[in-house]
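The structure file work-v1.cif is reproduced below (mmCIF, C-alpha atoms).
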```cif
data_structure
loop_
_atom_site.label_atom_id
_atom_site.label_comp_id
_atom_site.auth_asym_id
_atom_site.auth_seq_id
_atom_site.Cartn_x
_atom_site.Cartn_y
_atom_site.Cartn_z
CA MET A 224 -13.47 40.46 4.45
CA ARG A 225 -14.63 43.94 5.54
CA GLU A 226 -16.50 42.44 8.42
CA LEU A 227 -13.43 40.46 9.43
CA ILE A 228 -11.30 43.62 9.53
CA THR A 229 -13.92 45.55 11.51
CA SER A 230 -14.21 42.83 14.15
CA THR A 231 -10.44 42.45 14.32
CA LYS A 232 -10.16 46.18 14.93
CA ALA A 233 -12.85 46.14 17.61
CA ILE A 234 -11.18 43.34 19.60
CA LEU A 235 -7.74 44.88 19.17
CA PHE A 236 -8.89 48.29 20.44
CA LYS A 237 -10.60 46.65 23.40
CA ASP A 238 -7.29 44.97 24.30
CA ILE A 239 -5.26 48.14 23.84
CA LYS A 240 -7.72 50.10 25.98
CA THR A 241 -7.58 47.61 28.85
CA GLU A 242 -3.80 47.51 28.63
CA LEU A 243 -3.52 51.29 28.72
CA ARG A 244 -5.67 51.49 31.86
CA SER A 245 -2.94 49.79 33.81
CA ARG A 246 0.42 50.19 32.21
CA GLU A 247 1.89 48.07 34.95
CA PHE A 248 2.42 44.96 32.82
CA LEU A 249 4.25 46.79 30.07
CA GLY A 250 6.55 48.41 32.61
CA ASN A 251 7.29 45.14 34.33
CA THR A 252 8.07 43.38 31.07
CA PHE A 253 10.35 46.21 30.08
CA MET A 254 12.24 45.82 33.36
CA PHE A 255 12.51 42.11 32.70
CA ALA A 256 13.96 42.61 29.22
CA LEU A 257 16.41 45.13 30.61
CA LEU A 258 17.50 42.66 33.27
CA VAL A 259 18.10 39.95 30.71
CA ILE A 260 20.42 42.25 28.80
CA VAL A 261 22.29 43.33 31.93
CA ILE A 262 22.65 39.80 33.29
CA PHE A 263 23.98 38.44 30.02
CA ASN A 264 26.69 41.03 30.21
CA PHE A 265 27.95 39.41 33.42
CA ALA A 266 27.44 35.86 32.20
CA PHE A 267 29.57 36.42 29.08
CA LYS A 268 32.06 39.00 30.36
CA LEU A 269 31.58 41.27 27.39
CA THR A 270 34.35 43.42 26.01
CA PRO A 271 34.20 45.93 23.14
CA GLU A 272 35.81 43.24 20.93
CA ASN A 273 33.37 40.38 21.49
CA SER A 274 30.19 42.34 22.08
CA PRO A 275 29.12 42.75 18.40
CA GLU A 276 29.49 39.01 17.94
CA LEU A 277 27.31 38.08 20.90
CA ALA A 278 24.93 41.02 20.79
CA SER A 279 22.42 39.69 18.24
CA GLY A 280 21.92 36.48 20.19
CA ILE A 281 21.44 38.30 23.49
CA LEU A 282 19.04 40.75 21.93
CA TRP A 283 16.85 38.00 20.48
CA ILE A 284 16.85 36.05 23.72
CA ALA A 285 15.67 39.17 25.54
CA PHE A 286 12.86 39.61 22.99
CA LEU A 287 11.96 35.94 23.10
CA PHE A 288 11.60 35.89 26.88
CA SER A 289 9.75 39.16 27.22
CA GLY A 290 7.55 38.36 24.20
CA THR A 291 6.62 35.02 25.75
CA LEU A 292 5.48 36.86 28.87
CA GLY A 293 3.35 39.12 26.70
CA ILE A 294 1.61 36.36 24.78
CA SER A 295 0.81 34.30 27.83
CA ARG A 296 -0.89 37.36 29.23
CA SER A 297 -3.00 38.01 26.11
CA PHE A 298 -5.20 34.97 26.72
CA GLN A 299 -4.79 34.92 30.47
CA VAL A 300 -6.80 38.13 30.81
CA GLU A 301 -9.58 36.58 28.75
CA LYS A 302 -9.59 33.48 30.88
CA GLU A 303 -10.22 35.45 34.06
CA ASN A 304 -13.96 35.86 34.64
CA GLU A 305 -14.55 33.61 31.59
CA CYS A 306 -14.24 36.52 29.18
CA ILE A 307 -13.18 34.16 26.43
CA GLN A 308 -16.63 32.59 26.49
CA GLY A 309 -18.21 35.97 25.92
CA LEU A 310 -15.80 36.58 23.10
CA THR A 311 -16.53 33.28 21.40
CA LEU A 312 -20.27 33.78 21.83
CA THR A 313 -20.18 36.95 19.75
CA PRO A 314 -20.94 36.22 16.11
CA VAL A 315 -17.47 37.05 14.81
CA ASP A 316 -15.21 34.92 12.71
CA ARG A 317 -12.67 33.09 14.88
CA THR A 318 -9.93 34.36 12.60
CA ALA A 319 -10.77 37.90 13.75
CA ILE A 320 -10.03 36.90 17.35
CA TYR A 321 -6.73 35.38 16.27
CA TRP A 322 -5.75 38.41 14.21
CA ALA A 323 -6.64 40.83 16.98
CA LYS A 324 -4.66 38.88 19.56
CA PHE A 325 -1.80 38.52 17.12
CA LEU A 326 -1.71 42.24 16.38
CA GLY A 327 -1.96 43.10 20.05
CA ASN A 328 0.97 40.84 20.88
CA LEU A 329 2.97 42.19 17.97
CA LEU A 330 2.32 45.75 19.10
CA PHE A 331 3.32 44.88 22.64
CA LEU A 332 6.64 43.42 21.54
CA ILE A 333 7.34 46.36 19.24
CA VAL A 334 6.77 48.80 22.13
CA ILE A 335 9.21 46.80 24.27
CA GLN A 336 11.74 46.86 21.44
CA VAL A 337 11.42 50.60 20.88
CA LEU A 338 12.19 51.08 24.57
CA ILE A 339 14.92 48.50 24.92
CA ILE A 340 16.95 48.84 21.72
CA PRO A 341 18.30 52.36 22.37
CA ILE A 342 19.46 51.24 25.82
CA PHE A 343 20.96 48.13 24.29
CA ILE A 344 22.89 50.15 21.71
CA VAL A 345 24.35 52.34 24.42
CA LEU A 346 25.20 49.53 26.81
CA TYR A 347 26.77 47.29 24.17
CA ASN A 348 28.48 50.02 22.18
CA LEU A 349 26.96 49.06 18.87
CA ASN A 350 26.81 50.84 15.58
CA VAL A 351 23.40 50.08 14.07
CA MET A 352 22.50 53.45 12.59
CA GLU A 353 24.28 52.52 9.40
CA HIS A 354 21.69 49.83 8.60
CA PHE A 355 18.72 51.29 10.42
CA GLY A 356 16.18 50.38 7.72
CA LEU A 357 17.38 46.81 7.26
CA MET A 358 17.49 46.34 11.02
CA THR A 359 13.89 47.50 11.35
CA ILE A 360 12.78 45.06 8.65
CA ILE A 361 14.42 42.10 10.28
CA LEU A 362 13.07 42.98 13.71
CA PHE A 363 9.56 43.38 12.36
CA LEU A 364 9.57 40.15 10.36
CA GLY A 365 11.11 38.24 13.24
CA ASP A 366 8.45 39.55 15.62
CA PHE A 367 5.77 38.71 13.07
CA GLY A 368 6.71 35.03 12.87
CA PHE A 369 7.24 34.81 16.63
CA MET A 370 3.79 36.19 17.37
CA ALA A 371 2.06 34.23 14.60
CA LEU A 372 3.06 30.98 16.30
CA GLY A 373 3.09 32.35 19.83
CA THR A 374 -0.52 33.51 19.72
CA LEU A 375 -1.69 30.10 18.53
CA ILE A 376 0.29 28.15 21.13
CA ALA A 377 -0.78 30.55 23.90
CA ALA A 378 -4.42 29.88 23.00
CA ILE A 379 -3.70 26.20 23.65
CA SER A 380 -1.53 26.57 26.74
CA VAL A 381 -3.91 28.93 28.57
CA ASN A 382 -6.29 25.99 29.01
CA LEU A 383 -3.65 23.66 30.44
CA LYS A 384 -2.80 23.00 34.04
CA ALA A 385 0.81 24.16 34.19
CA LYS A 386 0.36 26.93 31.62
CA GLU A 387 3.27 29.15 32.68
CA LEU A 388 5.64 26.26 32.15
CA LEU A 389 4.05 24.67 29.13
CA LEU A 390 3.89 27.76 26.94
CA PRO A 391 7.68 27.99 26.59
CA VAL A 392 8.04 24.20 26.48
CA LEU A 393 5.67 23.98 23.53
CA LEU A 394 6.62 27.21 21.81
CA LEU A 395 10.40 27.56 22.02
CA PRO A 396 11.38 24.42 20.07
CA LEU A 397 9.09 25.50 17.23
CA LEU A 398 10.82 28.88 17.17
CA VAL A 399 14.34 27.49 16.82
CA PRO A 400 14.47 28.11 13.03
CA LEU A 401 13.15 31.64 13.43
CA ILE A 402 15.76 32.47 16.08
CA ILE A 403 18.53 31.09 13.89
CA PHE A 404 17.37 33.17 10.90
CA ALA A 405 16.68 36.34 12.86
CA ALA A 406 19.80 36.28 15.03
CA GLY A 407 21.86 35.39 11.94
CA ALA A 408 20.49 38.29 9.95
CA THR A 409 20.92 40.68 12.87
CA SER A 410 24.47 39.55 13.38
CA ALA A 411 25.15 40.05 9.65
CA LEU A 412 24.18 43.70 10.17
CA ILE A 413 25.95 44.51 13.41
CA ASP A 414 28.93 42.19 13.21
CA SER A 415 30.10 40.69 9.93
CA GLY A 416 28.48 43.13 7.48
CA ASN A 417 27.95 40.26 5.04
CA MET A 418 24.87 41.28 3.05
CA ASP A 419 24.45 37.93 1.28
CA ASP A 420 24.02 36.32 4.68
CA TYR A 421 21.42 38.93 5.53
CA TYR A 422 19.30 38.46 2.44
CA SER A 423 19.41 34.66 2.47
CA ARG A 424 18.09 34.66 6.05
CA LEU A 425 15.56 37.37 5.28
CA LYS A 426 13.97 35.17 2.59
CA LEU A 427 13.70 32.26 4.99
CA ILE A 428 12.11 34.44 7.68
CA ILE A 429 9.51 35.56 5.16
CA ALA A 430 8.81 31.91 4.32
CA PHE A 431 8.43 31.13 8.04
CA ASP A 432 6.07 34.08 8.54
CA VAL A 433 3.88 33.23 5.56
CA VAL A 434 3.60 29.52 6.42
CA PHE A 435 2.83 29.93 10.09
CA PHE A 436 0.59 32.97 9.84
CA THR A 437 -1.59 31.26 7.24
CA VAL A 438 -1.70 27.90 9.00
CA SER A 439 -2.34 29.46 12.41
CA SER A 440 -5.18 31.60 11.04
CA LEU A 441 -6.79 28.42 9.71
CA LEU A 442 -6.19 26.27 12.79
CA PHE A 443 -7.18 28.79 15.46
CA GLU A 444 -10.90 27.97 15.30
CA TYR A 445 -10.20 24.36 16.30
CA ILE A 446 -8.75 25.60 19.57
CA VAL A 447 -11.29 28.15 20.76
CA ASP A 448 -14.48 26.40 19.67
CA GLU A 449 -16.00 24.12 22.25
CA PRO A 450 -16.60 20.64 20.82
CA MET B 264 4.02 -10.94 13.62
CA VAL B 265 6.23 -10.05 16.55
CA GLY B 266 8.21 -13.24 16.00
CA SER B 267 8.88 -12.46 12.36
CA ALA B 268 9.90 -8.91 13.25
CA ILE B 269 12.48 -10.29 15.68
CA ILE B 270 13.74 -12.78 13.08
CA PHE B 271 14.07 -10.03 10.47
CA LEU B 272 16.00 -7.88 12.94
CA ILE B 273 18.36 -10.77 13.69
CA ILE B 274 18.93 -11.37 9.97
CA ALA B 275 19.58 -7.65 9.51
CA SER B 276 22.08 -7.61 12.38
CA VAL B 277 23.97 -10.61 11.01
CA SER B 278 24.08 -9.22 7.50
CA GLY B 279 25.15 -5.81 8.75
CA LEU B 280 27.70 -6.96 11.29
CA LYS B 281 29.13 -10.09 9.68
CA ILE B 282 28.36 -10.39 6.00
CA ALA B 283 28.80 -6.82 4.78
CA PRO B 284 32.43 -5.99 3.98
CA ASN B 285 34.46 -3.33 5.72
CA ALA B 286 34.11 0.14 4.31
CA VAL B 287 37.15 1.59 2.60
CA GLY B 288 38.93 4.05 4.84
CA GLU B 289 36.42 3.74 7.68
CA PRO B 290 36.84 2.06 11.04
CA PRO B 291 34.59 -0.99 11.56
CA THR B 292 32.29 1.16 13.71
CA TYR B 293 30.82 2.38 10.42
CA ARG B 294 28.64 -0.73 10.73
CA ILE B 295 26.38 1.16 13.10
CA LEU B 296 25.08 2.71 9.89
CA TYR B 297 22.92 -0.37 9.39
CA PHE B 298 21.00 0.68 12.48
CA HIS B 299 21.43 4.42 12.34
CA VAL B 300 20.06 5.04 8.83
CA PRO B 301 16.91 2.88 9.15
CA THR B 302 16.04 4.32 12.59
CA ALA B 303 16.37 7.81 11.13
CA ILE B 304 13.97 6.98 8.30
CA MET B 305 11.51 5.33 10.68
CA ALA B 306 11.59 8.39 12.94
CA TYR B 307 10.58 10.60 10.03
CA LEU B 308 7.93 8.08 9.02
CA GLY B 309 6.49 8.31 12.53
CA PHE B 310 6.42 12.11 12.43
CA PHE B 311 4.81 11.97 9.01
CA MET B 312 2.05 9.78 10.45
CA VAL B 313 1.45 12.47 13.10
CA PHE B 314 0.90 14.95 10.29
CA VAL B 315 -1.42 12.67 8.30
CA GLY B 316 -3.40 11.67 11.38
CA SER B 317 -3.70 15.27 12.61
CA ILE B 318 -5.04 16.58 9.32
CA GLY B 319 -7.37 13.60 9.06
CA TYR B 320 -8.70 14.21 12.55
CA LEU B 321 -9.42 17.92 12.11
CA TRP B 322 -11.05 17.19 8.77
CA LYS B 323 -13.17 14.13 9.55
CA LYS B 324 -13.41 14.33 13.37
CA ASN B 325 -12.90 10.58 13.48
CA PRO B 326 -10.97 9.39 16.57
CA MET B 327 -9.27 6.76 14.42
CA TYR B 328 -7.08 9.46 12.88
CA ASP B 329 -6.14 10.71 16.32
CA ARG B 330 -4.90 7.22 17.13
CA TRP B 331 -2.85 7.25 13.93
CA ALA B 332 -1.20 10.46 15.13
CA VAL B 333 -0.46 9.38 18.68
CA ALA B 334 1.00 6.05 17.53
CA GLY B 335 3.14 7.91 15.00
CA ALA B 336 4.40 10.39 17.59
CA ASP B 337 5.25 7.67 20.07
CA LEU B 338 7.18 5.60 17.56
CA GLY B 339 8.76 8.65 15.98
CA VAL B 340 10.10 9.87 19.34
CA HIS B 341 11.53 6.46 20.21
CA PHE B 342 13.16 5.89 16.84
CA CYS B 343 14.49 9.43 16.92
CA ALA B 344 16.08 8.74 20.30
CA LEU B 345 17.61 5.53 18.89
CA MET B 346 18.96 7.48 15.95
CA LEU B 347 20.56 10.03 18.28
CA ILE B 348 22.07 7.32 20.47
CA THR B 349 23.53 5.39 17.53
CA GLY B 350 24.78 8.64 16.02
CA MET B 351 26.45 9.55 19.31
CA ILE B 352 28.14 6.16 19.65
CA TRP B 353 29.50 6.50 16.15
CA GLY B 354 30.53 10.09 16.80
CA LYS B 355 32.49 9.09 19.90
CA GLN B 356 34.62 6.78 17.75
CA ARG B 357 34.94 9.07 14.79
CA TRP B 358 35.07 12.56 16.29
CA GLY B 359 36.20 11.61 19.77
CA ALA B 360 33.19 13.30 21.35
CA TRP B 361 29.75 12.02 22.23
CA TRP B 362 28.07 15.07 20.94
CA ILE B 363 29.02 17.48 18.21
CA TRP B 364 26.65 20.22 17.12
CA GLU B 365 26.52 18.74 13.69
CA PRO B 366 23.56 19.89 11.54
CA ARG B 367 21.65 16.65 11.10
CA LEU B 368 22.21 15.49 14.67
CA THR B 369 21.09 18.90 15.92
CA SER B 370 17.97 18.91 13.72
CA ALA B 371 17.08 15.48 15.03
CA LEU B 372 17.45 16.73 18.60
CA ILE B 373 15.10 19.67 17.93
CA LEU B 374 12.54 17.35 16.34
CA LEU B 375 12.80 15.04 19.33
CA ILE B 376 12.04 18.00 21.61
CA ILE B 377 9.12 19.18 19.46
CA PHE B 378 7.43 15.80 19.34
CA SER B 379 8.14 15.12 23.01
CA GLY B 380 6.26 18.39 23.52
CA TYR B 381 3.44 16.87 21.49
CA LEU B 382 3.30 13.88 23.83
CA ILE B 383 3.50 16.13 26.92
CA LEU B 384 0.61 18.19 25.56
CA ARG B 385 -1.46 15.04 25.15
CA GLY B 386 -0.63 14.05 28.69
CA VAL B 387 -1.90 17.22 30.34
CA VAL B 388 -5.33 17.46 28.68
CA GLU B 389 -7.92 15.17 30.22
CA ASN B 390 -10.93 15.65 27.97
CA LYS B 391 -10.42 13.24 25.05
CA VAL B 392 -11.94 15.47 22.37
CA THR B 393 -10.05 18.58 23.47
CA GLN B 394 -6.88 16.52 23.74
CA ALA B 395 -7.24 15.26 20.19
CA ARG B 396 -7.92 18.74 18.79
CA TYR B 397 -5.04 20.48 20.59
CA ALA B 398 -2.70 17.65 19.69
CA ALA B 399 -3.78 17.77 16.04
CA VAL B 400 -3.09 21.51 15.82
CA TYR B 401 0.30 21.09 17.48
CA GLY B 402 1.12 18.06 15.34
CA ILE B 403 0.47 19.94 12.11
CA ILE B 404 2.51 22.95 13.21
CA GLY B 405 5.31 20.69 14.46
CA PHE B 406 5.56 18.77 11.21
CA LEU B 407 5.55 21.95 9.12
CA ASP B 408 8.46 23.11 11.25
CA VAL B 409 10.57 20.12 10.17
CA PRO B 410 11.83 21.51 6.82
CA LEU B 411 12.44 24.93 8.38
CA VAL B 412 14.48 23.39 11.17
CA HIS B 413 16.56 21.63 8.53
CA PHE B 414 17.24 24.79 6.54
CA ALA B 415 17.99 26.75 9.67
CA ILE B 416 20.39 24.27 11.20
CA LYS B 417 22.18 23.85 7.88
CA LEU B 418 22.72 27.61 7.70
CA TRP B 419 23.84 27.75 11.27
CA GLY B 420 26.06 24.68 11.45
CA SER B 421 29.41 24.29 9.84
CA ILE B 422 30.52 20.73 10.60
CA MET B 423 29.27 18.43 7.89
CA HIS B 424 27.53 15.10 8.17
CA PRO B 425 29.85 12.22 7.30
CA PRO B 426 29.67 11.64 3.55
CA LYS B 427 28.25 8.32 2.48
CA PRO B 428 31.04 5.75 2.46
CA ALA B 429 31.67 4.26 -0.98
CA MET B 430 29.05 1.57 -1.10
CA ASP B 431 30.00 -1.92 -2.13
CA PRO B 432 27.00 -3.84 -3.65
CA MET B 433 27.06 -6.17 -0.65
CA MET B 434 26.84 -3.17 1.66
CA LYS B 435 23.86 -1.85 -0.25
CA ILE B 436 22.12 -5.19 0.05
CA ALA B 437 22.82 -5.31 3.78
CA LEU B 438 21.44 -1.80 4.16
CA TRP B 439 18.28 -2.71 2.28
CA ILE B 440 17.83 -5.81 4.41
CA SER B 441 18.06 -3.81 7.61
CA MET B 442 15.84 -1.12 6.14
CA PHE B 443 13.19 -3.73 5.48
CA ALA B 444 13.63 -5.30 8.92
CA PHE B 445 13.18 -1.95 10.64
CA PHE B 446 10.22 -1.02 8.47
CA PHE B 447 8.55 -4.32 9.27
CA THR B 448 9.22 -3.81 12.99
CA PHE B 449 7.83 -0.30 12.74
CA VAL B 450 4.62 -1.53 11.16
CA VAL B 451 4.20 -4.30 13.72
CA ILE B 452 4.64 -1.97 16.70
CA TYR B 453 2.50 0.66 15.02
CA LEU B 454 -0.40 -1.75 14.58
CA MET B 455 -0.02 -2.96 18.17
CA ARG B 456 -0.06 0.61 19.39
CA LEU B 457 -3.21 1.34 17.39
CA ARG B 458 -4.93 -1.68 18.87
CA TYR B 459 -3.89 -0.61 22.37
CA GLU B 460 -5.24 2.92 21.85
CA LYS B 461 -8.47 1.53 20.45
CA GLY B 462 -8.87 -0.79 23.43
CA LYS B 463 -8.21 2.10 25.80
CA ALA B 464 -10.89 4.24 24.13
CA GLU B 465 -13.32 1.33 24.25
CA LEU B 466 -12.60 0.80 27.95
CA SER B 467 -13.22 4.41 28.88
CA ARG B 468 -16.43 4.36 26.84
CA LEU B 469 -17.64 1.29 28.74
CA LYS B 470 -16.66 2.82 32.07
CA ALA B 471 -18.59 5.98 31.24
CA GLU B 472 -21.60 3.89 30.27
CA GLN B 473 -21.45 2.01 33.54
CA ASP B 474 -21.23 5.22 35.53
CA ASP B 475 -24.28 6.57 33.72
CA GLY B 476 -26.24 3.36 34.15
#
```

Could you express the structure from this file as structure tokens?
Amino acid sequence: MRELITSTKAILFKDIKTELRSREFLGNTFMFALLVIVIFNFAFKLTPENSPELASGILWIAFLFSGTLGISRSFQVEKENECIQGLTLTPVDRTAIYWAKFLGNLLFLIVIQVLIIPIFIVLYNLNVMEHFGLMTIILFLGDFGFMALGTLIAAISVNLKAKELLLPVLLLPLLVPLIIFAAGATSALIDSGNMDDYYSRLKLIIAFDVVFFTVSSLLFEYIVDEP
Amino acid sequence: MVGSAIIFLIIASVSGLKIAPNAVGEPPTYRILYFHVPTAIMAYLGFFMVFVGSIGYLWKKNPMYDRWAVAGADLGVHFCALMLITGMIWGKQRWGAWWIWEPRLTSALILLIIFSGYLILRGVVENKVTQARYAAVYGIIGFLDVPLVHFAIKLWGSIMHPPKPAMDPMMKIALWISMFAFFFTFVVIYLMRLRYEKGKAELSRLKAEQDDG
């Protein structure tokens, strides 16, 4: 177990270091998420009355799209110059590679959210400070489940021909339950204020996270190992 | 085999459309139930076979299990589409709209998309071993998603599935007959599909041998 954590850390820090050398990708993804939020405003013709109702859905769509960009990148960089082969040749447990990629993706999405949510609150006139803690929990658990599945599917799709297209095609339908739970819980906080709704969805998100994180950790080796 | 499947389906249609009595308080279009319910169950049976075959393949590395999975996915997707179509025809009569975002209909649509994704994934990988492994991973994840999709859509949706009409004993018998007919048809097509996949694998093996020789 110790060894697993050490190797996970090593791979994760390598990824963070390379990402920090060129912050270009993070900036571009941030711009993309911002655009999604702005464009939805025009598509729905938001007013102060209907914006709390629609906000949670728009927010999660922005995260979903920008997060998908992030995960496709996490294996794409390894694919260039066949880095993934070097990585799989090192004598580390495959689970460590999965965990490191998972954590990297999670961190990436959290950074995007930290940047985008304040802007979102201002632009959509929302009152979230009241439930700041609960909001953070739901965002974190939603991201967790998203990245648990996303990292696994990205490891598959990076080897396919039309990878940019197939990642969302394969991933988004699997995420439908998560989006329903997460957007529902978020909307309970910023719109209806119904706490029973919040907690019932929170439990289901935890179930989703536990199931798919465990299963993905186990299945990952079947994807990266050459037959 | 194929002949008896067709005969069973004809018997099921006659018993469902002619012999079974009208349901109390339902328009005669309720009779589509004798197709709708069995196709739904067969769709889930197909998806379940994907799950069984996928686990079997990753565990034993035997291509036979991969064939179980692909046959299950293919049948599951087709029966799922039939279920959606029969549900829509019924809905047009009952609700006046082809499509209503009703929980079970919506869940079925999501499952159809997930397992179509499974078939797309199989289509884009050329190497047989890689294809089987990727598909097995996706098949397991996809099947585990099924209960979550159900919970989620139930939470999200508000319009309820039509309650079971009060079932006359004759209606129950007719439903069981059509259930059996569809199950038999499922098994027949499933076995044919397995034989086809096996033949295909054999052919590509022979071709490879010839190229080497």

Exercise for review: Have a look at A:Ala408, A:Leu257, A:Ile446, A:Ile339 and name the one nearest to chain B; count all atoms listed in the file.
Suggested key: A:Ile446

Ile436 (chain B) surroundings by all atoms listed in the file, 12 Å radius, close-in-sequence under 3 positions cut, as a PDB file with C-alpha atoms, keeping the file's coordinate frame:
```pdb
ATOM      1  CA  ALA B 275      19.580  -7.650   9.510  1.00  0.00           C
ATOM      2  CA  SER B 278      24.080  -9.220   7.500  1.00  0.00           C
ATOM      3  CA  GLY B 279      25.150  -5.810   8.750  1.00  0.00           C
ATOM      4  CA  ILE B 282      28.360 -10.390   6.000  1.00  0.00           C
ATOM      5  CA  ALA B 283      28.800  -6.820   4.780  1.00  0.00           C
ATOM      6  CA  PRO B 284      32.430  -5.990   3.980  1.00  0.00           C
ATOM      7  CA  TYR B 297      22.920  -0.370   9.390  1.00  0.00           C
ATOM      8  CA  MET B 430      29.050   1.570  -1.100  1.00  0.00           C
ATOM      9  CA  ASP B 431      30.000  -1.920  -2.130  1.00  0.00           C
ATOM     10  CA  PRO B 432      27.000  -3.840  -3.650  1.00  0.00           C
ATOM     11  CA  MET B 433      27.060  -6.170  -0.650  1.00  0.00           C
ATOM     12  CA  TRP B 439      18.280  -2.710   2.280  1.00  0.00           C
ATOM     13  CA  ILE B 440      17.830  -5.810   4.410  1.00  0.00           C
ATOM     14  CA  SER B 441      18.060  -3.810   7.610  1.00  0.00           C
ATOM     15  CA  MET B 442      15.840  -1.120   6.140  1.00  0.00           C
ATOM     16  CA  PHE B 443      13.190  -3.730   5.480  1.00  0.00           C
TER      17      PHE B 443
END
```

Practice item. Take CA of His413 (chain B) and CA of Leu375 (chain A) and report the distance between them in Å, one decimal. Key: 22.5 Å

Review point. Which value, in Å to one decimal, gives the distance between CA of Val315 (chain A) and CA of Gly290 (chain A)?
Key: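 That distance, rounded to one decimal, is 26.8 Å.
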
Practice item. May I ask you to extract the residues of chain B within 12 Å of chain A, using only C-alpha atoms, and to give them as a PyMOL selection string? Key: chain B and resi 317-318+320-322+324+369-420

Exercise for review: On this file, the PyMOL selection byres ((chain A and resi 411) around 12) gives some set of residues; write that set as a PyMOL selection string.
Suggested key: chain A and resi 275-280+351+354+357-358+361+403-410+412-425

Would you compute the box with edges along x, y and z of the file around region 344-356 of chain A, including every atom the file lists for it and 8 Å extra on each side, and give its centre and edge lengths in Å to one decimal, as AutoDock Vina command-line options?
```
--center_x 22.3 --center_y 50.4 --center_z 17.3 --size_x 28.3 --size_y 22.2 --size_z 35.1
```

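Pairwise distance (CA of Leu390 (chain A), CA of Ile262 (chain A)) equals 23.2 Å.
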
Practice item. Kindly resolve the PyMOL selection byres ((chain A and resi 225-238) around 6) on the present coordinates and return the residues as a list of chain:residue names. Key: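 For this structure, the PyMOL selection byres ((chain A and resi 225-238) around 6) resolves to A:Met224, A:Ile239, A:Lys240, A:Thr241, A:Ala319, A:Ala323.
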
Exercise for review: Could you give me, as an MDAnalysis selection string, the residues within 12 Å of Gln308 (chain A), counting all atoms listed in the file and dropping anything in the same chain fewer than 4 positions from it?
Suggested key: chainID A and resid 298 301:304 312:314 447:449

Exercise for review: Could you state which residues are captured by the PyMOL selection byres ((chain B and resi 333-335) around 9) in this file, as a PyMOL selection string?
Suggested key: chain B and resi 306+308-314+316+328-332+336-340+381-382+385+398+452-454+456-457+460

Review point. Which residues come within 7 Å of region 346-357 of chain B, counting all atoms listed in the file, excluding same-chain residues fewer than 2 positions away, as a count of residues only?
Key: 13

Review point. Contacts of Leu330 (chain A) at 12 Å or less, counting only C-alpha atoms, minus same-chain residues fewer than 3 places along, as a list in words?
Key: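 Near neighbours after the sequence-gap exclusion: Leu235, Phe236, Asp238, Ile239, Glu242, Leu249, Gly290, Gly293, Ile294, Ser297, Trp322, Ala323, Lys324, Phe325, Leu326, Gly327, Ile333, Val334, Ile335, Gln336, Val337, Phe363, Asp366, Phe367 and Met370 of chain A.
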